[in-house]
Every structure is written in C-alpha cells, then in structure tokens.
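Student: Data: structure34.txt, compact mmCIF, N, CA and C atoms.
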# COMPACT_ATOMS: atom_id res chain seq x y z
N MET A 915 -21.99 39.44 -46.40
CA MET A 915 -20.61 39.48 -45.98
C MET A 915 -20.48 39.96 -44.53
N LEU A 916 -21.22 40.97 -44.14
CA LEU A 916 -21.17 41.50 -42.77
C LEU A 916 -21.61 40.46 -41.74
N PRO A 917 -22.69 39.67 -41.97
CA PRO A 917 -23.07 38.65 -40.98
C PRO A 917 -21.97 37.61 -40.77
N ARG A 918 -21.25 37.23 -41.84
CA ARG A 918 -20.16 36.26 -41.69
C ARG A 918 -19.02 36.85 -40.86
N PHE A 919 -18.73 38.11 -41.08
CA PHE A 919 -17.68 38.78 -40.32
C PHE A 919 -18.04 38.84 -38.84
N ILE A 920 -19.29 39.17 -38.53
CA ILE A 920 -19.75 39.24 -37.14
C ILE A 920 -19.69 37.85 -36.50
N LEU A 921 -20.09 36.81 -37.24
CA LEU A 921 -20.01 35.44 -36.74
C LEU A 921 -18.56 35.07 -36.47
N PHE A 922 -17.66 35.43 -37.38
CA PHE A 922 -16.24 35.14 -37.21
C PHE A 922 -15.69 35.81 -35.95
N ILE A 923 -15.99 37.09 -35.77
CA ILE A 923 -15.53 37.83 -34.59
C ILE A 923 -16.11 37.20 -33.32
N GLY A 924 -17.37 36.77 -33.36
CA GLY A 924 -18.00 36.13 -32.21
C GLY A 924 -17.31 34.84 -31.82
N ILE A 925 -16.97 34.03 -32.80
CA ILE A 925 -16.29 32.76 -32.53
C ILE A 925 -14.90 33.01 -31.96
N ILE A 926 -14.19 33.95 -32.53
CA ILE A 926 -12.86 34.29 -32.02
C ILE A 926 -12.95 34.78 -30.58
N SER A 927 -13.90 35.63 -30.28
CA SER A 927 -14.07 36.15 -28.92
C SER A 927 -14.36 35.04 -27.93
N LEU A 928 -15.23 34.12 -28.31
CA LEU A 928 -15.55 32.99 -27.44
C LEU A 928 -14.34 32.11 -27.20
N SER A 929 -13.55 31.85 -28.23
CA SER A 929 -12.40 30.98 -28.07
C SER A 929 -11.35 31.62 -27.16
N PHE A 930 -11.23 32.94 -27.18
CA PHE A 930 -10.28 33.59 -26.28
C PHE A 930 -10.82 33.68 -24.86
N SER A 931 -12.10 33.75 -24.69
CA SER A 931 -12.66 33.85 -23.35
C SER A 931 -12.67 32.50 -22.65
N CYS A 932 -12.75 31.41 -23.40
CA CYS A 932 -12.72 30.08 -22.81
C CYS A 932 -11.29 29.73 -22.45
N GLY A 933 -11.11 29.17 -21.28
CA GLY A 933 -9.79 28.70 -20.89
C GLY A 933 -8.95 29.73 -20.18
N LYS A 934 -9.31 30.98 -20.17
CA LYS A 934 -8.50 31.99 -19.47
C LYS A 934 -8.68 31.85 -17.97
N GLU A 935 -9.86 31.51 -17.56
CA GLU A 935 -10.16 31.41 -16.14
C GLU A 935 -10.74 30.04 -15.88
N LYS A 936 -10.20 29.31 -14.91
CA LYS A 936 -10.70 27.99 -14.61
C LYS A 936 -12.06 28.12 -13.92
N SER A 937 -13.06 27.60 -14.55
CA SER A 937 -14.42 27.69 -14.02
C SER A 937 -14.63 26.66 -12.93
N ARG A 938 -15.29 27.04 -11.89
CA ARG A 938 -15.64 26.12 -10.81
C ARG A 938 -17.01 25.51 -11.04
N GLU A 939 -17.63 25.87 -12.15
CA GLU A 939 -18.93 25.30 -12.50
C GLU A 939 -18.71 23.96 -13.19
N CYS A 940 -19.65 23.07 -13.01
CA CYS A 940 -19.56 21.74 -13.61
C CYS A 940 -20.13 21.74 -15.02
N SER A 941 -19.49 20.98 -15.86
CA SER A 941 -19.99 20.85 -17.23
C SER A 941 -21.16 19.90 -17.29
N GLY A 942 -21.33 19.08 -16.25
CA GLY A 942 -22.42 18.11 -16.22
C GLY A 942 -22.05 16.79 -16.86
N ILE A 943 -20.82 16.68 -17.38
CA ILE A 943 -20.38 15.44 -18.02
C ILE A 943 -19.29 14.81 -17.17
N CYS A 944 -19.62 13.68 -16.54
CA CYS A 944 -18.66 12.97 -15.70
C CYS A 944 -18.52 11.54 -16.20
N THR A 945 -17.35 10.97 -16.00
CA THR A 945 -17.15 9.56 -16.35
C THR A 945 -17.81 8.69 -15.30
N GLU A 946 -18.05 7.45 -15.64
CA GLU A 946 -18.70 6.50 -14.73
C GLU A 946 -17.72 5.82 -13.78
N GLU A 947 -16.43 6.08 -13.95
CA GLU A 947 -15.45 5.42 -13.10
C GLU A 947 -15.55 5.92 -11.66
N PHE A 948 -15.12 5.07 -10.74
CA PHE A 948 -15.08 5.41 -9.32
C PHE A 948 -13.61 5.54 -8.93
N ARG A 949 -13.20 6.72 -8.49
CA ARG A 949 -11.79 6.96 -8.18
C ARG A 949 -11.54 6.93 -6.68
N SER A 950 -10.40 6.37 -6.35
CA SER A 950 -9.94 6.31 -4.97
C SER A 950 -8.49 6.74 -4.91
N ILE A 951 -8.11 7.33 -3.81
CA ILE A 951 -6.71 7.65 -3.55
C ILE A 951 -6.26 6.70 -2.46
N THR A 952 -5.21 5.94 -2.74
CA THR A 952 -4.75 4.93 -1.78
C THR A 952 -3.29 5.15 -1.45
N VAL A 953 -2.91 4.63 -0.29
CA VAL A 953 -1.52 4.64 0.14
C VAL A 953 -1.11 3.18 0.33
N GLU A 954 0.11 2.87 -0.11
CA GLU A 954 0.65 1.52 0.09
C GLU A 954 1.66 1.57 1.22
N ILE A 955 1.52 0.67 2.18
CA ILE A 955 2.43 0.62 3.31
C ILE A 955 3.11 -0.75 3.32
N THR A 956 4.45 -0.72 3.25
CA THR A 956 5.23 -1.96 3.24
C THR A 956 6.37 -1.85 4.24
N ASP A 957 7.00 -3.02 4.52
CA ASP A 957 8.22 -3.00 5.32
C ASP A 957 9.41 -2.88 4.37
N THR A 958 10.61 -2.93 4.89
CA THR A 958 11.81 -2.72 4.06
C THR A 958 12.03 -3.86 3.05
N GLN A 959 11.41 -5.03 3.28
CA GLN A 959 11.50 -6.13 2.32
C GLN A 959 10.34 -6.11 1.32
N ARG A 960 9.56 -5.03 1.32
CA ARG A 960 8.42 -4.82 0.42
C ARG A 960 7.22 -5.72 0.73
N ASN A 961 7.17 -6.27 1.95
CA ASN A 961 6.01 -7.03 2.39
C ASN A 961 4.92 -6.06 2.84
N PRO A 962 3.66 -6.34 2.54
CA PRO A 962 2.58 -5.44 2.97
C PRO A 962 2.51 -5.36 4.48
N VAL A 963 2.30 -4.17 4.99
CA VAL A 963 2.10 -3.98 6.43
C VAL A 963 0.60 -4.00 6.69
N VAL A 964 0.18 -4.94 7.53
CA VAL A 964 -1.23 -5.07 7.85
C VAL A 964 -1.52 -4.30 9.13
N LEU A 965 -2.37 -3.30 9.00
CA LEU A 965 -2.76 -2.49 10.14
C LEU A 965 -4.03 -3.05 10.77
N ASP A 966 -4.20 -2.83 12.07
CA ASP A 966 -5.44 -3.25 12.75
C ASP A 966 -6.57 -2.26 12.49
N SER A 967 -6.21 -0.99 12.40
CA SER A 967 -7.22 0.05 12.16
C SER A 967 -6.55 1.29 11.59
N THR A 968 -7.38 2.13 10.99
CA THR A 968 -6.91 3.40 10.46
C THR A 968 -7.85 4.52 10.88
N SER A 969 -7.34 5.72 10.83
CA SER A 969 -8.13 6.90 11.12
C SER A 969 -7.78 7.95 10.06
N ILE A 970 -8.82 8.54 9.46
CA ILE A 970 -8.60 9.59 8.46
C ILE A 970 -9.37 10.82 8.90
N THR A 971 -8.63 11.90 9.11
CA THR A 971 -9.23 13.14 9.60
C THR A 971 -9.09 14.23 8.55
N ASP A 972 -10.19 14.88 8.26
CA ASP A 972 -10.19 16.09 7.42
C ASP A 972 -9.73 17.21 8.34
N ILE A 973 -8.46 17.57 8.22
CA ILE A 973 -7.87 18.60 9.08
C ILE A 973 -8.48 19.96 8.78
N THR A 974 -8.78 20.22 7.51
CA THR A 974 -9.30 21.51 7.09
C THR A 974 -10.61 21.84 7.80
N ASN A 975 -11.48 20.83 7.94
CA ASN A 975 -12.80 21.06 8.54
C ASN A 975 -12.98 20.36 9.88
N ASP A 976 -11.91 19.78 10.41
CA ASP A 976 -11.93 19.08 11.70
C ASP A 976 -13.05 18.03 11.73
N ARG A 977 -13.01 17.10 10.76
CA ARG A 977 -14.01 16.03 10.64
C ARG A 977 -13.34 14.69 10.50
N GLN A 978 -13.90 13.69 11.10
CA GLN A 978 -13.45 12.31 10.94
C GLN A 978 -14.14 11.72 9.72
N LEU A 979 -13.38 11.08 8.81
CA LEU A 979 -13.95 10.45 7.62
C LEU A 979 -14.06 8.95 7.85
N ASN A 980 -15.16 8.38 7.40
CA ASN A 980 -15.37 6.93 7.52
C ASN A 980 -15.08 6.27 6.18
N LEU A 981 -13.99 5.51 6.15
CA LEU A 981 -13.59 4.78 4.95
C LEU A 981 -13.27 3.35 5.33
N ILE A 982 -13.59 2.45 4.44
CA ILE A 982 -13.29 1.04 4.66
C ILE A 982 -12.12 0.67 3.75
N SER A 983 -11.11 0.03 4.33
CA SER A 983 -9.95 -0.42 3.56
C SER A 983 -9.78 -1.91 3.72
N ASP A 984 -9.10 -2.52 2.75
CA ASP A 984 -8.73 -3.93 2.83
C ASP A 984 -7.45 -3.99 3.66
N PHE A 985 -7.56 -4.52 4.86
CA PHE A 985 -6.43 -4.50 5.78
C PHE A 985 -5.46 -5.66 5.57
N GLU A 986 -5.58 -6.39 4.46
CA GLU A 986 -4.71 -7.54 4.25
C GLU A 986 -3.62 -7.32 3.22
N ASN A 987 -3.80 -6.38 2.31
CA ASN A 987 -2.84 -6.27 1.21
C ASN A 987 -1.90 -5.07 1.31
N GLY A 988 -1.98 -4.28 2.36
CA GLY A 988 -1.08 -3.15 2.53
C GLY A 988 -1.50 -1.89 1.82
N PHE A 989 -2.65 -1.89 1.14
CA PHE A 989 -3.18 -0.69 0.49
C PHE A 989 -4.34 -0.15 1.31
N TYR A 990 -4.31 1.15 1.56
CA TYR A 990 -5.34 1.78 2.39
C TYR A 990 -5.91 2.98 1.66
N THR A 991 -7.22 3.04 1.58
CA THR A 991 -7.90 4.15 0.93
C THR A 991 -7.92 5.34 1.87
N ILE A 992 -7.48 6.50 1.35
CA ILE A 992 -7.50 7.70 2.18
C ILE A 992 -8.60 8.67 1.75
N PHE A 993 -9.12 8.50 0.51
CA PHE A 993 -10.17 9.40 0.01
C PHE A 993 -10.74 8.78 -1.25
N ASN A 994 -12.04 8.93 -1.48
CA ASN A 994 -12.62 8.38 -2.71
C ASN A 994 -13.84 9.18 -3.15
N ASP A 995 -14.42 8.75 -4.26
CA ASP A 995 -15.52 9.48 -4.87
C ASP A 995 -16.81 9.49 -4.03
N ASN A 996 -16.85 8.75 -2.96
CA ASN A 996 -18.01 8.85 -2.06
C ASN A 996 -18.13 10.25 -1.45
N PHE A 997 -17.06 11.02 -1.51
CA PHE A 997 -17.04 12.35 -0.89
C PHE A 997 -17.23 13.50 -1.88
N VAL A 998 -17.52 13.19 -3.15
CA VAL A 998 -17.63 14.23 -4.16
C VAL A 998 -18.73 15.24 -3.81
N SER A 999 -19.89 14.77 -3.44
CA SER A 999 -20.99 15.72 -3.15
C SER A 999 -20.69 16.56 -1.92
N GLN A 1000 -19.98 16.01 -0.97
CA GLN A 1000 -19.66 16.72 0.28
C GLN A 1000 -18.55 17.77 0.10
N TYR A 1001 -17.61 17.51 -0.82
CA TYR A 1001 -16.44 18.37 -0.96
C TYR A 1001 -16.28 18.94 -2.37
N LYS A 1002 -17.34 19.03 -3.12
CA LYS A 1002 -17.29 19.47 -4.52
C LYS A 1002 -16.53 20.79 -4.66
N ASN A 1003 -15.56 20.82 -5.57
CA ASN A 1003 -14.74 22.00 -5.87
C ASN A 1003 -13.95 22.52 -4.67
N GLU A 1004 -13.48 21.61 -3.83
CA GLU A 1004 -12.66 21.99 -2.67
C GLU A 1004 -11.33 21.24 -2.69
N GLU A 1005 -10.36 21.81 -2.02
CA GLU A 1005 -9.10 21.14 -1.73
C GLU A 1005 -8.96 21.13 -0.22
N ILE A 1006 -8.58 19.96 0.34
CA ILE A 1006 -8.51 19.82 1.79
C ILE A 1006 -7.23 19.10 2.21
N SER A 1007 -6.94 19.19 3.49
CA SER A 1007 -5.82 18.46 4.09
C SER A 1007 -6.38 17.30 4.89
N LEU A 1008 -5.73 16.14 4.74
CA LEU A 1008 -6.14 14.94 5.48
C LEU A 1008 -4.99 14.46 6.34
N LEU A 1009 -5.32 13.85 7.45
CA LEU A 1009 -4.33 13.18 8.29
C LEU A 1009 -4.69 11.70 8.33
N PHE A 1010 -3.79 10.87 7.82
CA PHE A 1010 -3.96 9.42 7.86
C PHE A 1010 -3.15 8.87 9.02
N GLN A 1011 -3.77 8.03 9.84
CA GLN A 1011 -3.09 7.38 10.94
C GLN A 1011 -3.39 5.89 10.87
N GLY A 1012 -2.34 5.08 11.04
CA GLY A 1012 -2.50 3.63 11.03
C GLY A 1012 -2.02 3.03 12.34
N PHE A 1013 -2.77 2.05 12.83
CA PHE A 1013 -2.50 1.47 14.14
C PHE A 1013 -2.31 -0.04 14.06
N GLN A 1014 -1.40 -0.54 14.91
CA GLN A 1014 -1.22 -1.97 15.16
C GLN A 1014 -1.18 -2.16 16.66
N ASP A 1015 -2.01 -3.07 17.14
CA ASP A 1015 -2.10 -3.31 18.59
C ASP A 1015 -2.32 -2.02 19.36
N GLU A 1016 -3.16 -1.16 18.83
CA GLU A 1016 -3.53 0.13 19.41
C GLU A 1016 -2.39 1.15 19.48
N ASP A 1017 -1.23 0.80 18.92
CA ASP A 1017 -0.10 1.73 18.85
C ASP A 1017 -0.09 2.43 17.50
N LEU A 1018 0.19 3.73 17.52
CA LEU A 1018 0.29 4.49 16.28
C LEU A 1018 1.55 4.04 15.54
N LEU A 1019 1.35 3.46 14.34
CA LEU A 1019 2.47 2.94 13.56
C LEU A 1019 2.87 3.88 12.43
N VAL A 1020 1.89 4.58 11.86
CA VAL A 1020 2.17 5.47 10.74
C VAL A 1020 1.24 6.67 10.82
N GLU A 1021 1.80 7.84 10.47
CA GLU A 1021 1.02 9.08 10.44
C GLU A 1021 1.53 9.91 9.26
N GLN A 1022 0.61 10.32 8.38
CA GLN A 1022 1.01 11.04 7.19
C GLN A 1022 -0.07 12.04 6.80
N GLU A 1023 0.35 13.26 6.42
CA GLU A 1023 -0.60 14.26 5.94
C GLU A 1023 -0.67 14.23 4.41
N TYR A 1024 -1.87 14.54 3.89
CA TYR A 1024 -2.13 14.56 2.46
C TYR A 1024 -2.92 15.80 2.09
N GLU A 1025 -2.72 16.25 0.87
CA GLU A 1025 -3.55 17.28 0.27
C GLU A 1025 -4.30 16.59 -0.86
N VAL A 1026 -5.62 16.72 -0.84
CA VAL A 1026 -6.46 16.12 -1.88
C VAL A 1026 -7.49 17.15 -2.31
N GLY A 1027 -8.15 16.87 -3.40
CA GLY A 1027 -9.18 17.79 -3.88
C GLY A 1027 -10.31 17.03 -4.54
N VAL A 1028 -11.36 17.78 -4.81
CA VAL A 1028 -12.53 17.24 -5.50
C VAL A 1028 -12.94 18.25 -6.56
N ASP A 1029 -13.11 17.77 -7.79
CA ASP A 1029 -13.65 18.66 -8.82
C ASP A 1029 -15.15 18.41 -8.90
N CYS A 1030 -15.73 18.58 -10.02
CA CYS A 1030 -17.17 18.35 -10.17
C CYS A 1030 -17.54 16.88 -10.09
N CYS A 1031 -16.62 16.03 -10.48
CA CYS A 1031 -16.95 14.62 -10.66
C CYS A 1031 -16.14 13.64 -9.80
N HIS A 1032 -14.87 13.96 -9.56
CA HIS A 1032 -13.99 12.98 -8.95
C HIS A 1032 -13.02 13.63 -7.96
N VAL A 1033 -12.46 12.76 -7.10
CA VAL A 1033 -11.40 13.18 -6.20
C VAL A 1033 -10.09 13.18 -6.96
N TYR A 1034 -9.13 13.96 -6.48
CA TYR A 1034 -7.80 13.93 -7.08
C TYR A 1034 -6.74 14.16 -6.00
N TYR A 1035 -5.56 13.61 -6.26
CA TYR A 1035 -4.41 13.67 -5.36
C TYR A 1035 -3.61 14.94 -5.64
N ILE A 1036 -3.15 15.59 -4.57
CA ILE A 1036 -2.28 16.76 -4.72
C ILE A 1036 -0.88 16.45 -4.16
N SER A 1037 -0.81 16.04 -2.88
CA SER A 1037 0.50 15.77 -2.29
C SER A 1037 0.38 14.84 -1.09
N GLY A 1038 1.55 14.32 -0.69
CA GLY A 1038 1.63 13.37 0.41
C GLY A 1038 2.20 12.06 -0.11
N ALA A 1039 2.85 11.30 0.75
CA ALA A 1039 3.51 10.04 0.34
C ALA A 1039 2.47 8.96 0.06
N LEU A 1040 2.45 8.46 -1.18
CA LEU A 1040 1.52 7.39 -1.54
C LEU A 1040 2.14 6.01 -1.33
N GLU A 1041 3.43 6.00 -1.04
CA GLU A 1041 4.12 4.75 -0.71
C GLU A 1041 4.93 5.01 0.55
N ILE A 1042 4.64 4.25 1.58
CA ILE A 1042 5.33 4.41 2.87
C ILE A 1042 6.03 3.10 3.20
N ILE A 1043 7.32 3.19 3.47
CA ILE A 1043 8.12 2.01 3.83
C ILE A 1043 8.50 2.17 5.30
N LEU A 1044 8.08 1.19 6.10
CA LEU A 1044 8.36 1.21 7.54
C LEU A 1044 9.55 0.33 7.87
N ASP A 1045 10.36 0.77 8.81
CA ASP A 1045 11.51 -0.03 9.27
C ASP A 1045 11.07 -1.15 10.16
Give the structure from the file, written as structure tokens.
Tutor:
Amino acid sequence: MLPRFILFIGIISLSFSCGKEKSRECSGICTEEFRSITVEITDTQRNPVVLDSTSITDITNDRQLNLISDFENGFYTIFNDNFVSQYKNEEISLLFQGFQDEDLLVEQEYEVGVDCCHVYYISGALEIILD
C-alpha cells in the first residue's frame, strides 16, 4: 500500500511541476513541415503589387537576411524555417522594405520568433494595401 501511495504522490508532483514554467529546452520532436511567414502586398483593387527587390533586416542583431521571394504574385517571405538553427528560442524584430524602380515603396516592422522547431509570427501587418 505504501509504494502505491508514494507512486501516486510522485505522479501528482510531476503533473503540477510540468507546465508551470515554459521550458526553453527542446523536446526533440518536430514536425516535418516547413513554415514561412509571408506578407501580401496589393493595391486598392486587390491586384498584387510586384516589387523589383526586397530587403529584410534583423533589427535586433543588425543583420541583413537573405530570402528569396516570388516577385510575381504579391506574396513576400519575411522569415522562414531556414533560420531555426540561427535563432533558436529567440524573438526578434525585422524590418521589411520593398522597392520598385529603386524607390522605397513599402516599409514595415515585424516581430517574429523561433521555437525549437519552427518560426512563428508575433506582430506586424501581414496584408499591406498600397494606394
């Protein structure tokens, strides 16, 4: 009877200790999906805005990020799982800039993060409508 009671108390203690504090350690179990955070840029008629080039700067660490976007459909990647190993368990600020004919057309700040496995969105406009 005493060993069962000790086992019961042990299980209860473990269940209360789990979940109280968010662990920054990885469980080692990640999904196989590849996640990206994208922004959609359109005009007032909802037509995609095609940019000539983009620039994404990690403001937190003063670093330029190299990302490739499809410049034809109006969706631009601002952060993706290629950066998980570099930014594991961090939250950072990004500055997205879009250019047409070398003129700055759009500028937007974002807050993003990385857990053990994937990037995640925190804040910033994911849909931008230009006049």
Student: Region 920-1039 of chain A: which residues are strand (DSSP E) by DSSP, as a PyMOL selection string?
Tutor: chain A and resi 950-957+967-972+977-979+989-994+1004-1014+1017-1028+1033-1037
Student: Write out as a list in words each polymer residue whose atoms come within 12 Å of region 945-949 of chain A, counting only C-alpha atoms; drop sequence neighbours fewer than 6 positions from it.
Tutor: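 Contacts, with the query itself left out: Thr991, Ile992, Phe993, Asn994, Asp995, Asn996, Phe997, Val998, Gly1027, Val1028, Asp1029, Cys1030, Cys1031, His1032, Val1033, Tyr1034 and Tyr1035 of chain A.
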Student: Go ahead and dump the residues you just picked, N, CA and C atoms, as a compact mmCIF listing (two decimals), keeping the file's coordinate frame.
Tutor:
# COMPACT_ATOMS: atom_id res chain seq x y z
N THR A 991 -7.22 3.04 1.58
CA THR A 991 -7.90 4.15 0.93
C THR A 991 -7.92 5.34 1.87
N ILE A 992 -7.48 6.50 1.35
CA ILE A 992 -7.50 7.70 2.18
C ILE A 992 -8.60 8.67 1.75
N PHE A 993 -9.12 8.50 0.51
CA PHE A 993 -10.17 9.40 0.01
C PHE A 993 -10.74 8.78 -1.25
N ASN A 994 -12.04 8.93 -1.48
CA ASN A 994 -12.62 8.38 -2.71
C ASN A 994 -13.84 9.18 -3.15
N ASP A 995 -14.42 8.75 -4.26
CA ASP A 995 -15.52 9.48 -4.87
C ASP A 995 -16.81 9.49 -4.03
N ASN A 996 -16.85 8.75 -2.96
CA ASN A 996 -18.01 8.85 -2.06
C ASN A 996 -18.13 10.25 -1.45
N PHE A 997 -17.06 11.02 -1.51
CA PHE A 997 -17.04 12.35 -0.89
C PHE A 997 -17.23 13.50 -1.88
N VAL A 998 -17.52 13.19 -3.15
CA VAL A 998 -17.63 14.23 -4.16
C VAL A 998 -18.73 15.24 -3.81
N GLY A 1027 -8.15 16.87 -3.40
CA GLY A 1027 -9.18 17.79 -3.88
C GLY A 1027 -10.31 17.03 -4.54
N VAL A 1028 -11.36 17.78 -4.81
CA VAL A 1028 -12.53 17.24 -5.50
C VAL A 1028 -12.94 18.25 -6.56
N ASP A 1029 -13.11 17.77 -7.79
CA ASP A 1029 -13.65 18.66 -8.82
C ASP A 1029 -15.15 18.41 -8.90
N CYS A 1030 -15.73 18.58 -10.02
CA CYS A 1030 -17.17 18.35 -10.17
C CYS A 1030 -17.54 16.88 -10.09
N CYS A 1031 -16.62 16.03 -10.48
CA CYS A 1031 -16.95 14.62 -10.66
C CYS A 1031 -16.14 13.64 -9.80
N HIS A 1032 -14.87 13.96 -9.56
CA HIS A 1032 -13.99 12.98 -8.95
C HIS A 1032 -13.02 13.63 -7.96
N VAL A 1033 -12.46 12.76 -7.10
CA VAL A 1033 -11.40 13.18 -6.20
C VAL A 1033 -10.09 13.18 -6.96
N TYR A 1034 -9.13 13.96 -6.48
CA TYR A 1034 -7.80 13.93 -7.08
C TYR A 1034 -6.74 14.16 -6.00
N TYR A 1035 -5.56 13.61 -6.26
CA TYR A 1035 -4.41 13.67 -5.36
C TYR A 1035 -3.61 14.94 -5.64
Student: With distances taken over only C-alpha atoms, which of A:Ile970, A:Ile951, A:Val1020, A:Val964 is nearest to Ile1036 (chain A)?
Tutor: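 Checking each of A:Ile970, A:Ile951, A:Val1020, A:Val964 against Ile1036 (chain A), counting only C-alpha atoms, the winner is A:Ile951.
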Student: Report as number ranges by chain all protein, DNA and RNA residues lying within 12 Å of Asp972 (chain A), evaluated on only C-alpha atoms, omitting residues in the same chain fewer than 2 positions from it.
Tutor: A: 969-970, 974-980, 992-993, 997, 1000-1001, 1004-1011, 1023-1027
Student: The selected residues should be written to file as a CSV table (one decimal), keeping the file's coordinate frame (atoms: N, CA and C atoms).
Tutor:
chain,number,residue,atom,x,y,z
A,969,SER,N,-7.3,5.7,10.8
A,969,SER,CA,-8.1,6.9,11.1
A,969,SER,C,-7.8,8.0,10.1
A,970,ILE,N,-8.8,8.5,9.5
A,970,ILE,CA,-8.6,9.6,8.5
A,970,ILE,C,-9.4,10.8,8.9
A,974,THR,N,-8.8,20.2,7.5
A,974,THR,CA,-9.3,21.5,7.1
A,974,THR,C,-10.6,21.8,7.8
A,975,ASN,N,-11.5,20.8,7.9
A,975,ASN,CA,-12.8,21.1,8.5
A,975,ASN,C,-13.0,20.4,9.9
A,976,ASP,N,-11.9,19.8,10.4
A,976,ASP,CA,-11.9,19.1,11.7
A,976,ASP,C,-13.0,18.0,11.7
A,977,ARG,N,-13.0,17.1,10.8
A,977,ARG,CA,-14.0,16.0,10.6
A,977,ARG,C,-13.3,14.7,10.5
A,978,GLN,N,-13.9,13.7,11.1
A,978,GLN,CA,-13.4,12.3,10.9
A,978,GLN,C,-14.1,11.7,9.7
A,979,LEU,N,-13.4,11.1,8.8
A,979,LEU,CA,-14.0,10.4,7.6
A,979,LEU,C,-14.1,9.0,7.8
A,980,ASN,N,-15.2,8.4,7.4
A,980,ASN,CA,-15.4,6.9,7.5
A,980,ASN,C,-15.1,6.3,6.2
A,992,ILE,N,-7.5,6.5,1.4
A,992,ILE,CA,-7.5,7.7,2.2
A,992,ILE,C,-8.6,8.7,1.8
A,993,PHE,N,-9.1,8.5,0.5
A,993,PHE,CA,-10.2,9.4,0.0
A,993,PHE,C,-10.7,8.8,-1.2
A,997,PHE,N,-17.1,11.0,-1.5
A,997,PHE,CA,-17.0,12.4,-0.9
A,997,PHE,C,-17.2,13.5,-1.9
A,1000,GLN,N,-20.0,16.0,-1.0
A,1000,GLN,CA,-19.7,16.7,0.3
A,1000,GLN,C,-18.6,17.8,0.1
A,1001,TYR,N,-17.6,17.5,-0.8
A,1001,TYR,CA,-16.4,18.4,-1.0
A,1001,TYR,C,-16.3,18.9,-2.4
A,1004,GLU,N,-13.5,21.6,-3.8
A,1004,GLU,CA,-12.7,22.0,-2.7
A,1004,GLU,C,-11.3,21.2,-2.7
A,1005,GLU,N,-10.4,21.8,-2.0
A,1005,GLU,CA,-9.1,21.1,-1.7
A,1005,GLU,C,-9.0,21.1,-0.2
A,1006,ILE,N,-8.6,20.0,0.3
A,1006,ILE,CA,-8.5,19.8,1.8
A,1006,ILE,C,-7.2,19.1,2.2
A,1007,SER,N,-6.9,19.2,3.5
A,1007,SER,CA,-5.8,18.5,4.1
A,1007,SER,C,-6.4,17.3,4.9
A,1008,LEU,N,-5.7,16.1,4.7
A,1008,LEU,CA,-6.1,14.9,5.5
A,1008,LEU,C,-5.0,14.5,6.3
A,1009,LEU,N,-5.3,13.8,7.4
A,1009,LEU,CA,-4.3,13.2,8.3
A,1009,LEU,C,-4.7,11.7,8.3
A,1010,PHE,N,-3.8,10.9,7.8
A,1010,PHE,CA,-4.0,9.4,7.9
A,1010,PHE,C,-3.2,8.9,9.0
A,1011,GLN,N,-3.8,8.0,9.8
A,1011,GLN,CA,-3.1,7.4,10.9
A,1011,GLN,C,-3.4,5.9,10.9
A,1023,GLU,N,0.4,13.3,6.4
A,1023,GLU,CA,-0.6,14.3,5.9
A,1023,GLU,C,-0.7,14.2,4.4
A,1024,TYR,N,-1.9,14.5,3.9
A,1024,TYR,CA,-2.1,14.6,2.5
A,1024,TYR,C,-2.9,15.8,2.1
A,1025,GLU,N,-2.7,16.2,0.9
A,1025,GLU,CA,-3.6,17.3,0.3
A,1025,GLU,C,-4.3,16.6,-0.9
A,1026,VAL,N,-5.6,16.7,-0.8
A,1026,VAL,CA,-6.5,16.1,-1.9
A,1026,VAL,C,-7.5,17.2,-2.3
A,1027,GLY,N,-8.2,16.9,-3.4
A,1027,GLY,CA,-9.2,17.8,-3.9
A,1027,GLY,C,-10.3,17.0,-4.5
Student: Using DSSP assignments from the backbone, pull out every residue in region 984-1026 of chain A that falls under helix (DSSP H, G or I) and give it to me as a VMD selection string.
Tutor: chain A and resid 995 to 1001
Student: List as a VMD selection string: which residues have an atom within 8 Å of (-6.3, -1.0, 5.6), counting all atoms listed in the file?
Tutor: chain A and resid 963 to 968 982 to 991
Student: Report as a PyMOL selection string all protein, DNA and RNA residues lying within 6.5 Å of Glu1041 (chain A), evaluated on only N, CA and C atoms, omitting residues in the same chain fewer than 3 positions from it.
Tutor: chain A and resi 953-956+1038
Student: Using CA of Leu1044 (chain A) and CA of Thr958 (chain A) as the two end points, give the distance in Å to one decimal.
Tutor: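 Answer for the CA of Leu1044 (chain A) to CA of Thr958 (chain A) separation: 6.3 Å.
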Student: I'd like to know which of A:Thr952, A:Ala1039, A:Ile943, A:Gln1022 is closest to Leu981 (chain A), using only C-alpha atoms.
Tutor: A:Thr952
Student: Would you mind reading off the distance between CA of Glu1021 (chain A) and CA of Thr971 (chain A), one decimal, in Å?
Tutor: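 One can read the CA of Glu1021 (chain A) to CA of Thr971 (chain A) distance as 11.1 Å.
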Student: Between CA of Ile1043 (chain A) and CA of Arg960 (chain A), what is the distance in Å, rounded to a tenth?
Tutor: 7.6 Å
